[in-house]
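Participant: So that you have it, the file is my_file-v4.csv, and it contains CSV, C-alpha atoms:
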chain,number,residue,atom,x,y,z
A,1,MET,CA,59.5,51.8,-56.1
A,2,HIS,CA,56.4,50.1,-57.3
A,3,LYS,CA,53.7,51.9,-59.4
A,4,ILE,CA,50.5,51.1,-57.5
A,5,ILE,CA,47.1,52.4,-58.5
A,6,HIS,CA,45.0,52.3,-55.3
A,7,LEU,CA,41.2,52.1,-55.4
A,8,ASP,CA,39.1,52.2,-52.4
A,9,GLU,CA,36.4,50.0,-53.8
A,10,ILE,CA,36.0,48.3,-57.2
A,11,ASP,CA,34.1,45.4,-58.7
A,12,SER,CA,37.4,43.6,-59.5
A,13,THR,CA,41.0,44.8,-59.8
A,14,SER,CA,41.5,42.3,-62.7
A,15,ALA,CA,38.4,43.6,-64.6
A,16,TRP,CA,39.6,47.2,-64.0
A,17,ALA,CA,43.1,46.3,-65.3
A,18,ARG,CA,41.7,44.5,-68.3
A,19,LYS,CA,39.5,47.6,-69.2
A,20,ASN,CA,42.4,50.0,-68.8
A,21,LEU,CA,45.2,47.7,-70.1
A,22,ALA,CA,46.1,49.9,-73.1
A,23,ASN,CA,46.9,52.8,-70.6
A,24,LEU,CA,48.8,50.6,-68.1
A,25,ASN,CA,52.5,49.9,-68.2
A,26,ASP,CA,54.4,46.7,-67.5
A,27,PHE,CA,54.5,45.9,-63.7
A,28,GLU,CA,51.8,48.5,-62.8
A,29,VAL,CA,49.7,47.2,-59.9
A,30,VAL,CA,46.0,47.8,-59.3
A,31,SER,CA,45.1,47.5,-55.6
A,32,ALA,CA,41.8,47.8,-53.9
A,33,ASP,CA,40.6,47.9,-50.2
A,34,ILE,CA,37.4,46.1,-51.2
A,35,GLN,CA,36.3,44.1,-54.3
A,36,THR,CA,32.6,43.7,-54.7
A,37,SER,CA,32.9,41.1,-57.5
A,38,GLY,CA,36.4,39.6,-57.0
A,39,HIS,CA,36.7,36.1,-58.3
A,40,GLY,CA,39.0,33.2,-58.6
A,41,GLN,CA,39.1,30.2,-60.9
A,42,PHE,CA,35.7,29.1,-62.4
A,43,GLU,CA,34.3,32.6,-61.3
A,44,ARG,CA,34.3,31.5,-57.7
A,45,ARG,CA,33.6,34.6,-55.5
A,46,TRP,CA,36.5,35.9,-53.4
A,47,TYR,CA,35.4,37.2,-50.0
A,48,SER,CA,36.5,40.8,-49.5
A,49,SER,CA,36.9,42.8,-46.3
A,50,SER,CA,38.8,45.8,-45.2
A,51,ALA,CA,38.3,45.2,-41.4
A,52,ASN,CA,41.3,44.9,-39.0
A,53,GLY,CA,43.8,46.5,-41.4
A,54,GLY,CA,42.6,44.9,-44.7
A,55,ASN,CA,43.8,42.2,-47.0
A,56,ILE,CA,45.6,42.0,-50.4
A,57,TYR,CA,43.4,42.3,-53.5
A,58,ILE,CA,45.7,43.2,-56.4
A,59,SER,CA,46.2,42.7,-60.1
A,60,ILE,CA,49.7,42.9,-61.5
A,61,VAL,CA,49.8,44.0,-65.2
A,62,LEU,CA,52.6,42.3,-67.1
A,63,LYS,CA,53.6,43.0,-70.7
A,64,PRO,CA,56.6,40.8,-71.4
A,65,GLU,CA,58.0,40.4,-74.9
A,66,ASN,CA,58.9,36.8,-74.3
A,67,ILE,CA,55.7,34.9,-73.5
A,68,GLU,CA,57.1,31.4,-73.9
A,69,HIS,CA,56.7,30.5,-70.2
A,70,LEU,CA,53.4,32.3,-69.4
A,71,ASN,CA,51.6,29.0,-69.0
A,72,GLU,CA,53.8,28.6,-65.8
A,73,LEU,CA,52.9,32.1,-64.5
A,74,THR,CA,50.3,31.0,-61.9
A,75,ARG,CA,52.9,28.7,-60.3
A,76,TYR,CA,55.5,31.4,-60.3
A,77,ALA,CA,53.0,33.9,-58.6
A,78,SER,CA,52.0,31.2,-56.1
A,79,PHE,CA,55.7,30.6,-55.3
A,80,LYS,CA,56.4,34.3,-54.8
A,81,THR,CA,53.3,34.6,-52.6
A,82,ALA,CA,54.5,31.7,-50.5
A,83,GLN,CA,58.0,33.2,-50.2
A,84,THR,CA,56.4,36.4,-48.8
A,85,LEU,CA,54.2,34.4,-46.4
A,86,GLU,CA,57.4,32.6,-45.2
A,87,GLN,CA,58.8,36.1,-44.2
A,88,TYR,CA,56.0,36.1,-41.6
A,89,GLY,CA,57.0,32.7,-40.1
A,90,LEU,CA,54.4,30.7,-42.0
A,91,GLU,CA,54.9,27.4,-43.9
A,92,PRO,CA,52.8,27.5,-47.0
A,93,LYS,CA,51.8,24.6,-49.1
A,94,PHE,CA,50.4,24.6,-52.6
A,95,LYS,CA,47.1,23.2,-54.0
A,96,TYR,CA,47.4,22.9,-57.7
A,97,PRO,CA,46.7,25.0,-59.8
A,98,ASN,CA,46.4,28.3,-57.9
A,99,ASP,CA,45.9,28.1,-54.2
A,100,VAL,CA,48.3,28.7,-51.3
A,101,LEU,CA,47.4,26.9,-48.1
A,102,ILE,CA,48.5,27.2,-44.5
A,103,ASN,CA,47.7,24.1,-42.3
A,104,GLY,CA,45.4,22.8,-45.0
A,105,ARG,CA,43.3,26.1,-45.1
A,106,LYS,CA,43.3,28.5,-48.0
A,107,ILE,CA,45.2,31.8,-47.4
A,108,SER,CA,45.7,32.9,-51.0
A,109,GLY,CA,44.4,32.5,-54.5
A,110,ILE,CA,46.0,33.5,-57.8
A,111,LEU,CA,44.5,33.9,-61.2
A,112,ALA,CA,46.5,34.8,-64.4
A,113,GLU,CA,44.6,35.9,-67.4
A,114,SER,CA,46.2,36.6,-70.8
A,115,VAL,CA,44.7,39.3,-72.9
A,116,PHE,CA,44.8,39.0,-76.7
A,117,THR,CA,43.3,41.1,-79.5
A,118,GLY,CA,43.0,38.5,-82.3
A,119,ASN,CA,46.4,36.9,-82.3
A,120,ASP,CA,48.2,39.9,-80.8
A,121,PHE,CA,49.3,39.5,-77.2
A,122,LYS,CA,48.4,42.6,-75.2
A,123,GLY,CA,49.5,41.5,-71.7
A,124,VAL,CA,48.7,39.3,-68.8
A,125,ILE,CA,46.9,40.2,-65.6
A,126,VAL,CA,47.9,38.3,-62.4
A,127,GLY,CA,45.2,38.6,-59.8
A,128,ILE,CA,46.3,37.8,-56.3
A,129,GLY,CA,44.1,37.7,-53.2
A,130,ILE,CA,45.7,37.1,-49.8
A,131,ASN,CA,43.9,36.9,-46.4
A,132,LEU,CA,46.1,39.1,-44.2
A,133,ASN,CA,43.9,40.3,-41.3
A,134,LEU,CA,40.7,38.3,-41.5
A,135,ASP,CA,39.6,37.1,-38.0
A,136,GLU,CA,37.9,33.8,-37.2
A,137,ASN,CA,34.4,35.3,-37.6
A,138,GLU,CA,35.2,36.7,-41.0
A,139,VAL,CA,36.7,33.4,-42.4
A,140,LYS,CA,33.3,31.8,-41.7
A,141,ASN,CA,32.1,33.9,-44.7
A,142,ILE,CA,34.3,31.9,-47.0
A,143,ASP,CA,32.8,28.7,-48.4
A,144,ILE,CA,35.9,26.6,-48.0
A,145,PRO,CA,38.3,26.1,-45.0
A,146,ALA,CA,40.3,29.4,-44.9
A,147,THR,CA,42.8,31.2,-42.7
A,148,SER,CA,44.8,34.4,-42.6
A,149,VAL,CA,48.2,35.6,-41.5
A,150,TYR,CA,46.4,37.2,-38.5
A,151,ILE,CA,44.8,33.9,-37.5
A,152,GLU,CA,48.0,31.9,-37.9
A,153,THR,CA,50.4,34.4,-36.2
A,154,GLY,CA,48.2,36.7,-34.0
A,155,LEU,CA,49.9,39.6,-35.8
A,156,ASN,CA,48.0,42.4,-37.4
A,157,VAL,CA,49.8,42.8,-40.8
A,158,ASP,CA,50.6,46.1,-42.4
A,159,LYS,CA,49.0,45.7,-45.8
A,160,ASN,CA,51.4,48.1,-47.6
A,161,GLU,CA,54.5,46.6,-46.1
A,162,PHE,CA,53.3,43.1,-47.1
A,163,LEU,CA,52.4,44.3,-50.6
A,164,ASN,CA,55.9,45.8,-51.1
A,165,LYS,CA,57.6,42.6,-49.9
A,166,LEU,CA,55.4,40.6,-52.3
A,167,LEU,CA,56.2,42.8,-55.3
A,168,ASP,CA,59.9,42.8,-54.4
A,169,ASN,CA,59.9,39.0,-54.3
A,170,PHE,CA,57.9,38.8,-57.6
A,171,LYS,CA,60.4,41.1,-59.4
A,172,ASN,CA,63.5,39.4,-58.0
A,173,ASP,CA,63.5,36.4,-60.4
A,174,TRP,CA,61.2,37.8,-63.1
A,175,GLU,CA,63.7,38.1,-65.9
A,176,ASP,CA,65.1,34.6,-65.1
A,177,PHE,CA,61.5,33.2,-65.2
A,178,LEU,CA,60.8,34.8,-68.6
A,179,LEU,CA,64.0,33.2,-70.0
A,180,ASN,CA,63.9,29.8,-68.2
A,181,GLY,CA,60.4,29.3,-66.8
A,182,ASN,CA,59.9,27.8,-63.4
A,183,LYS,CA,62.9,26.0,-62.0
A,184,GLY,CA,62.8,23.0,-59.7
A,185,GLU,CA,62.4,25.2,-56.6
A,186,MET,CA,59.5,27.0,-58.1
A,187,ILE,CA,57.5,23.9,-59.1
A,188,CYS,CA,54.3,23.7,-57.0
Translate this file's structure into structure tokens.

Facilitator:
Amino acid sequence: MHKIIHLDEIDSTSAWARKNLANLNDFEVVSADIQTSGHGQFERRWYSSSANGGNIYISIVLKPENIEHLNELTRYASFKTAQTLEQYGLEPKFKYPNDVLINGRKISGILAESVFTGNDFKGVIVGIGINLNLDENEVKNIDIPATSVYIETGLNVDKNEFLNKLLDNFKNDWEDFLLNGNKGEMIC
């Protein structure tokens, strides 16, 4: 079972996780229906909607003792996101360093941020946004070519079911990743 803190609306799940990091445990997940200030790389705004069943806006809090391979964490999270999308019949591709694409259009973005106090590692927050149920009108609000599971498959996706599959996939190889980093099959 996954420990998920659900928020209806928040500025950013990653900002909330960062503010509350001392009180969060390893593998706790902060999830929101709407993010008013969600962002990706270079502070690019992440469009947020809860229409049609919602989308994934989460931050996974990780507090590993071995941080040797954390520079590869974004690729690991991208691979695990892609694995989950494959369970819905999609064929994801990667756009380095942190995007997952379907048919050349962005479906997911990942942002990993390490938190230090001085030289002391406190944790890493992995923000993941996935367009599950956006329709063709909503993706027009995104400033780059984008898509969703709904657009690609015609299926309205149960957000909680998808999230649990994603977290299961993420945890499946986590210990191996911490020891060995990304293996050939995880290189994006």

Participant: Using all atoms listed in the file, can you list as a ChimeraX atom specification the residues within 10 Å of (51.0, 43.6, -75.7)?

Facilitator: /A:21-22,25-26,62-65,114-117,120-124

Participant: Please produce an output containing C-alpha atoms for each residue in the selection, written as an mmCIF file, in the coordinates of the input.

Facilitator:
data_model
loop_
_atom_site.group_PDB
_atom_site.id
_atom_site.type_symbol
_atom_site.label_atom_id
_atom_site.label_comp_id
_atom_site.auth_asym_id
_atom_site.auth_seq_id
_atom_site.Cartn_x
_atom_site.Cartn_y
_atom_site.Cartn_z
ATOM 1 C CA LEU A 21 45.200 47.700 -70.100
ATOM 2 C CA ALA A 22 46.100 49.900 -73.100
ATOM 3 C CA ASN A 25 52.500 49.900 -68.200
ATOM 4 C CA ASP A 26 54.400 46.700 -67.500
ATOM 5 C CA LEU A 62 52.600 42.300 -67.100
ATOM 6 C CA LYS A 63 53.600 43.000 -70.700
ATOM 7 C CA PRO A 64 56.600 40.800 -71.400
ATOM 8 C CA GLU A 65 58.000 40.400 -74.900
ATOM 9 C CA SER A 114 46.200 36.600 -70.800
ATOM 10 C CA VAL A 115 44.700 39.300 -72.900
ATOM 11 C CA PHE A 116 44.800 39.000 -76.700
ATOM 12 C CA THR A 117 43.300 41.100 -79.500
ATOM 13 C CA ASP A 120 48.200 39.900 -80.800
ATOM 14 C CA PHE A 121 49.300 39.500 -77.200
ATOM 15 C CA LYS A 122 48.400 42.600 -75.200
ATOM 16 C CA GLY A 123 49.500 41.500 -71.700
ATOM 17 C CA VAL A 124 48.700 39.300 -68.800
#

Participant: Here is a test: counting all atoms listed in the file, which residue of A:Asp143, A:Glu152, A:Asp135, A:Glu28 is nearest to Gly89 (chain A)?

Facilitator: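 That would be A:Glu152, the residue with the smallest distance to Gly89 (chain A).
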
Participant: Compile the contact shell of Val126 (chain A) as a ChimeraX atom specification: residues with an atom at most 6 Å away, counting all atoms listed in the file, same-chain residues fewer than 6 positions apart removed.

Facilitator: /A:59-60,111-112

Participant: Go through region 40-122 of chain A residue by residue and, counting only C-alpha atoms, keep those with an atom at most 8 Å from region 157-170 of chain A; for each kept residue give the shortest atom pair and its distance in Å to one decimal, ordered by chain and increasing number, as JSON lines.

Facilitator:
{"residue": "A:Gly53", "atom": "CA", "partner": "A:Lys159", "partner_atom": "CA", "distance": 6.9}
{"residue": "A:Gly54", "atom": "CA", "partner": "A:Lys159", "partner_atom": "CA", "distance": 6.5}
{"residue": "A:Asn55", "atom": "CA", "partner": "A:Lys159", "partner_atom": "CA", "distance": 6.4}
{"residue": "A:Ile56", "atom": "CA", "partner": "A:Lys159", "partner_atom": "CA", "distance": 6.8}
{"residue": "A:Ala77", "atom": "CA", "partner": "A:Phe170", "partner_atom": "CA", "distance": 7.0}
{"residue": "A:Lys80", "atom": "CA", "partner": "A:Phe170", "partner_atom": "CA", "distance": 5.5}
{"residue": "A:Thr81", "atom": "CA", "partner": "A:Leu166", "partner_atom": "CA", "distance": 6.4}
{"residue": "A:Gln83", "atom": "CA", "partner": "A:Asn169", "partner_atom": "CA", "distance": 7.4}
{"residue": "A:Thr84", "atom": "CA", "partner": "A:Leu166", "partner_atom": "CA", "distance": 5.6}

Participant: Take CA of Lys3 (chain A) and CA of Lys171 (chain A) and report the distance between them in Å, one decimal.

Facilitator: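 So the two atoms, CA of Lys3 (chain A) and CA of Lys171 (chain A), lie 12.7 Å apart.
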
Participant: Between A:Asn71, A:Tyr57, A:Asn52, A:Asn172, which one has atoms that come closest to Leu155 (chain A), using only C-alpha atoms?

Facilitator: A:Asn52

Participant: One decimal, Å: what's the distance from CA of Ile4 (chain A) over to CA of Ser49 (chain A), could you say?

Facilitator: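 Separation of CA of Ile4 (chain A) and CA of Ser49 (chain A): 19.5 Å.
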
Participant: Just give me the gap between CA of Arg18 (chain A) and CA of Ile107 (chain A) in Å, one decimal is fine.

Facilitator: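 CA of Ile107 (chain A) lies at a distance of 24.7 Å from CA of Arg18 (chain A).
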